[in-house]
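Scroll down for the structure; my scribbles are underneath it.
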2 protein chains.
Amino acid sequence: MQGGTMADSSGPVWTPLVVLELASDTAEEAVTWLLRRIRDTQHNGGADLLVEQLGLGVETQKKQNPNLFLVGASNQRLLAGAEDVGLFKEYSDGSMRGFTCASKHNFKDFNGDGDGFLSMAECQYIIKHELDTLRAKDETHVPGHSHAKLYPGKSIIRRLQSKGILIQMFPLHEKEELKRLSFSWFKKLKLSLQPLDDIRHYYGEGQALYFGFLEYFTFALVPMALIGVPYFLFDWEDYDKYVIFAAFNLIWSTVILELWKRCSASLAYRWGTLSRKKAFEEPRPGFHGVLGFNPVTGREEPTYPTAKRHLRVYLVSVPFVLLCLYLSLYVMMIYFQMEGWVLSIHDEEPTFWTGILLFIPSIIYAVVIEIMNLIYRYAAEFLTEWENHRLESSYQNHLVLKVLVFNFFNCFASLFYIAFVMQDMVLLRQSLATLLITSQILNQIMESFLPYWLQRRRNKKMIRKVQKRATLQDKELPLEEQVRLEADMSTYLGTFDDYLELFLLFGYVSLFSCVYPLAAVLVVLNNITEVYSDAFKMCHVFKRPFSEPAANIGVWQLAFEAMCVIAVVTNCSLIGMSPQVKAYFPESDTQLILWTVAIEHCLLAIKFILSFLIPDVPKQIQVKLARLEFESLEALKKKFHFLNEITKIN
Amino acid sequence: MQGGTMADSSGPVWTPLVVLELASDTAEEAVTWLLRRIRDTQHNGGADLLVEQLGLGVETQKKQNPNLFLVGASNQRLLAGAEDVGLFKEYSDGSMRGFTCASKHNFKDFNGDGDGFLSMAECQYIIKHELDTLRAKDETHVPGHSHAKLYPGKSIIRRLQSKGILIQMFPLHEKEELKRLSFSWFKKLKLSLQPLDDIRHYYGEGQALYFGFLEYFTFALVPMALIGVPYFLFDWEDYDKYVIFAAFNLIWSTVILELWKRCSASLAYRWGTLSRKKAFEEPRPGFHGVLGFNPVTGREEPTYPTAKRHLRVYLVSVPFVLLCLYLSLYVMMIYFQMEGWVLSIHDEEPTFWTGILLFIPSIIYAVVIEIMNLIYRYAAEFLTEWENHRLESSYQNHLVLKVLVFNFFNCFASLFYIAFVMQDMVLLRQSLATLLITSQILNQIMESFLPYWLQRRRNKKMIRKVQKRATLQDKELPLEEQVRLEADMSTYLGTFDDYLELFLLFGYVSLFSCVYPLAAVLVVLNNITEVYSDAFKMCHVFKRPFSEPAANIGVWQLAFEAMCVIAVVTNCSLIGMSPQVKAYFPESDTQLILWTVAIEHCLLAIKFILSFLIPDVPKQIQVKLARLEFESLEALKKKFHFLNEITKIN
């Protein structure tokens with residue numbers, strides 16, 4: 001056996017990093033072939049990793065899947081992999097540089113053979129990358145599975161995944177580090193900033209940026225919340241004050257979004273992802289098409305004409321989304337009709353039962369909205385899959401856009417209707433408060449407590465089972481059981497839903513801020529609990545996710561900025577419609593509207609000029625990046641000159 | 001003498017490329033020192049170029065400046081320089097790649113020792129770069145000029161320029177090529193597209209992109225012009241048709257600006273400037289400050305705190321610009337008062353003299369506008385110089401922004417006043433037509449015919465002088481005379497004024513297009529003559545400019561897009577104000593305004609979505625760029641591996 005042996009029940013002597021779970025009906029020869037390919041040297045086209053089958057658990061039951069494999073790698077291999085994926089690490093002079101094995105001793109914290117130089121999350125990311133880029137040589141199909149076709153250069157793992165032979169691949173938790181992290185994150189009682197560097201160390205940059213944004217966003221809302229409190233306490237109803245609040249809000253949200261870009265650039269620089277170049281992106285697993293040649297790499301891979309994809313997007317997906325929006329509108333109108341009908345019944349002959357009847361339409365509407373969101377989400381995923389995007393990033397962008405538009409419409413349509421068609425500000429405030437509070441409570445329950453409760457039951461069951469057979473004194477599970485337990489945990493599906501929630505909350509705060517200044521207070525309170533519940537669910541409810549290098553929050557920055565622009569329009573109209581403002585223009589509505597429009601245009605212009613004037617990357621980091629680039633150019637020149645000299649001599 | 005000798009009156013045996021003119025009172029030792037530094041090998045910190053003093057002309061007069069120097073270089077030196085500046089040339093496989101001497105034989109059209117591989121413009125650009133980067137070693141000042149301080153690393157040429165010792169540095173024309181170019185460009189009678197590749201070959205990418213944009217812009221306006229003609233012919237006055245025209249205009253201008261980006265990317269790719277990385281930018285000649293260390297390169301150079309520059313920009317320049325705008329507004333109001341006053345005199349007692357008096361205010365106003373533009377231009381240049389920008393690009397951006405805002409205001413303020421305050425559509429149409437036609441005629445005269453006439457007189461004088469002494473049969477001037485003639489020609493100050501003119505014309509077409517559809521026709525006609533007159537002035541009126549690599553039209557793209565956005569607002573308001581549209585909403589103005597605003601917002605949204613959806617670089621070129629990057633990454637990997645192997649062996 002290569003690289004390590006397996007002790008009976010304490011696992012291999014090398015650290016297991018990643019778990020592969022194959023379907024229990026996988027052909028024996030396929031397993032042998034896969035293990036051989038994973039273990040094979042890179043020279044032979046293998047991944048040169050260590051891999052062992054997981055011993056069966058304490059209960060050797062038939063229903064347990066025997067095909068669980070632990071994957072690890074030697075230190076040397078991991079360092080070579082770090083160079084392959086273009087990892088940035090801290091250099092001895094404090095700057096972040098791309099790691100290379102040749103210059104490894106110049107990196108900070110590199111001692112001896114580099115043990116402990118890479119964090120576990122980085123090692124797991126490297127192993128994922130190496131497994132993903134394990135390519136078929138001359139195999140035409142997976143041995144024993146003739147339907148799982150292969151061709152030279154096809155990623156083996158991706159084919160196994162898309163054919164359902166590989167059920168899942170996930171990185172293992174590290175109990176000790178997790179304990180430490182969760183203590184400093186949410187278990188200690190003292191209020192403090194989140195340990196972003198530790199989060200990044202354990203979960204990677206993508207997660208850390210989400211928590212960084214959540215924290216930043218919460219702090220950024222505090223001034224709004226503070227200004228909003230007196231409106232609630234003293235029951236300020238005059239619109240002069242609301243105008244001030246709204247104007248402050250609009251400028252403030254522009255500024256905080258611009259500053260977040262700088263903040264995220266600083267974080268990304270510190271973590272070495274800012275100047276990291278994206279490696280060449282491989283096609284996503286589900287991508288299919290006629291075999292052809294990639295025009296960029298010249299490698300053989302499936303190709304799919306862009307024109308066809310455009311046709312699918314513009315002729316099917318766009319009309320579908322529009323239809324869904326129309327349906328949502330239709331449902332909303334039915335709700336308002338029901339509302340009116342119930343009200344008329346109650347007005348005619350008010351009894352106890354008609355009083356209860358008043359709540360029925362709202363409840364039905366709320367439930368229907370949730371159901372529609374759910375169905376739409378599935379439809380959007382199906383459609384985006386069917387659009388057959390070549391790259392994961394392009395798939396994600398299309399999915400995010402679809403879901404975003406519908407969710408925005410579904411959540412805010414009724415508020416827009418109340419504000420601009422019914423023009424009932426009191427009802428608007430009530431609806432806004434109800435929607436905001438309800439959605440916050442529902443979210444916390446659905447997102448954290450329910451999964452936690454389910455997971456806890458599963459945990460207890462497993463521990464009981466273990467204790468039944470071997471009487472363990474401490475509650476530490478042996479490796480086999482731990483792996484099986486983690487394999488059963490829910491999979492964390494990425495930061496999408498978390499960002500979507502923040503986005504909708506931001507909508508509640510900014511769109512109608514001038515009629516309900518208390519919204520910011522509610523959102524701040526919600527965000528504080530959100531930090532804790534999100535942290536908790538990451539640590540104790542979900543499987544550990546693979547870390548993803550990220551330099552910014554991507555498409556969400558754009559989404560938040562778009563919301564900001566819409567907020568200018570809505571707030572200006574709301575203020576223009578208020579009776580107090582109307583009183584200033586007693587003789588003509590025309591004057592009032594023209595002024596409102598002019599002010600709105602000015603605000604929009606100020607927003608664009610502001611976002612143009614504030615540089616996206618802080619000066620200090622710009623200089624550091626420029627210096628790095630300058631140095632690498634100089635070094636490259638020297639190296640090439642040296643190379644030329646050598647080739648001349650030879 | 002190094003590298004070449006000077007035949008008595010036919011010039012050096014090497015091709016002279018660039019002329020340096022030193023002040024006639026330059027100290028002898030300074031000249032000797034400079035020539036030595038230019039001729040010295042690169043190893044000794046020189047530029048390794050060939051340089052000779054120009055022999056005195058036919059008339060050996062005292063008033064002729066003897067300090068004219070011709071600069072050239074050996075073929076080998078030029079190729080090495082091409083690698084230094086990162087020139088992109090066509091590779092044997094048709095792609096554009098950075099030239100390196102090591103791989104020179106793989107480039108297309110490289111034969112023998114590479115004679116004729118580089119165009120003359122490229123050679124001149126290389127020589128300019130090499131002269132600019134000729135740095136002081138341990139000199140503390142220019143010999144013989146103790147006030148011209150130097151320090152290690154300071155560019156010598158730039159110090160000589162800023163101290164007035166170097167009067168000018170310009171590239172020579174190439175008579176034969178110029179003749180061929182001007183024939184294919186504007187002298188043949190057949191209408192055809194401009195020879196953009198030849199223009200780029202002779203003048204460089206910056207110029208070629210300007211002419212490319214001029215041509216593109218003209219073609220793009222043709223559809224608008226065609227649609228505009230029937231409005232004029234059939235005297236269509238109903239606003240339904242104007243609405244259609246305006247809507248078409250708005251969408252069309254967005255589309256053409258987006259498509260231009262793609263078009264310019266294609267051109268820049270073909271010319272190899274698209275993927276060319278900017279070399280590290282040196283401080284501009286006029287930049288001054290305390291000696292410090294550049295945080296990026298670590299070299300010694302003047303430094304100036306950014307905060308101080310910001311203070312100058314925001315506390316002095318911005319208020320100054322605002323004051324100028326206010327002044328311009330004030331002048332405009334005086335004009336309207338005069339206009340009213342004259343009209344009242346004429347109405348009281350109309351005579352022939354009062355009829356003439358009616359024209360006086362317009363004439364005065366037009367003259368005052370021109371004078372204000374001129375004064376403002378000087379003030380803007382002075383202020384931007386005083387802001388002390390470190391980089392030429394940053395200086396240019398600040399200057400362009402200042403001039404743009406003021407010119408926009410000065411040219412269009414009266415039209416805005418007529419349109420939105422006086423609401424007099426007939427007067428608006430008249431003013432628009434008058435302004436447009438007058439400015440076109442004035443421009444053509446000021447820009448081409450006047451300088452041409454002056455130049456022609458100078459030319460003839462020189463030829464007469466030459467003929468007086470030696471009786472030359474053909475009118476070809478000997479090299480000395482030719483150089484002196486070119487040294488006396490006006491200097492072309494870059495594409496700034498040309499772009500500014502196009503920008504203002506675009507304003508006339510788009511801002512009020514719905515009241516004067518004929519504007520597009522006039523602009524198309526103007527542009528056609530503009531192509532010829534600009535081409536003519538480049539070839540026969542001005543000194544040859546140094547070629548500047550450029551990948552796009554830079555800040556002008558932004559300026560045109562901003563104009564497009566403003567055009568949406570103005571056109572929507574104009575249509576909303578028209579009596580025909582008002583007739584649709586007989587009962588309330590409010591409804592009308594709300595609809596107008598809603599439509600305006602929709603149009604703006606469509607614009608932004610369109611510019612988001614249309615990719616800036618054509619797919620085909622994206623693929624080519626990605627392939628190049630992929631290949632260079634792979635090659636780099638191999639080279640480094642090779643290097644590592646070698647260092648291991650040694």
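By convention in this document, the chains of the structure tokens carry letters A, B, ... by their order, each chain's residues are numbered from 1, and ligands are numbered from 1 in the order they are shown.
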
**Request:** Can you pull out every residue within 8 Å of segment 356-359 of chain B, counting only C-alpha atoms, but drop anything in the same chain fewer than 3 positions away, and send it as a VMD selection string?
**Result:** chain B and resid 339 342 to 343 346 352 to 353 362 to 363

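For chain A, the residues having at least one atom no farther than 7 Å from chain B, when counting only C-alpha atoms, are Pro295, Val296, Thr297, Asp589, Thr590, Val623, Ala626, Arg627 and Phe630 of chain A.
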
**Prompt:** How far is it from atom CA of Leu391 of chain A to atom CA of Cys324 of chain A, in Å with one decimal?
**Reply:** 26.2 Å

**Message:** Residues within 8 Å of Val321 of chain A, please, as number ranges by chain. Count only C-alpha atoms; anything in the same chain fewer than 4 positions from it doesn't count.
**Reply:** A: 317, 325, 402, 406

**Asked** Contacts of Tyr335 of chain A at 7 Å or less, counting only C-alpha atoms, minus same-chain residues fewer than 3 places along, as a count of residues only?
**Response** 6

**Prompt:** Can you tell me, as a list in words, what residues are no more than 8 Å from Leu404 of chain B when counting only C-alpha atoms, ignoring any on the same chain fewer than 4 positions away?
**Reply:** Val400, Phe408 and Leu500 of chain B

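Here atom CA of Met333 of chain A is placed at a distance of 12.2 Å from atom CA of Asn410 of chain A.
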
**Request:** For segment 482-492 of chain A, please output as JSON, numbers by chain all residues within 7 Å (counting only C-alpha atoms; exclusion window: fewer than 2 positions along the same chain).
**Result:** {"A": [455, 477, 478, 479, 480, 494, 541, 542, 543, 545]}

**Fill in**
re atom CA of Asn459 of chain B and atom CA of Arg544 of chain B: distance 15.8 Å

**Request:** Do a neighbour search on Phe99 of chain B at 9 Å with only C-alpha atoms, toss out local chain neighbours closer than 5 positions, and write the hits as a PyMOL selection string.
**Result:** chain B and resi 79+82-83+86-91+104+107

**Message:** Using DSSP assignments from the backbone, pull out every residue in segment 410-521 of chain B that falls under alpha helix (DSSP H) and give it to me as number ranges by chain.
**Reply:** B: 410-416, 425-444, 450-469, 479-488, 496-511, 519-521

**Asked** Which residues in segment 266-296 of chain B does DSSP call strand (DSSP E or B)? List them as a ChimeraX atom specification.
**Response** /B:290-293
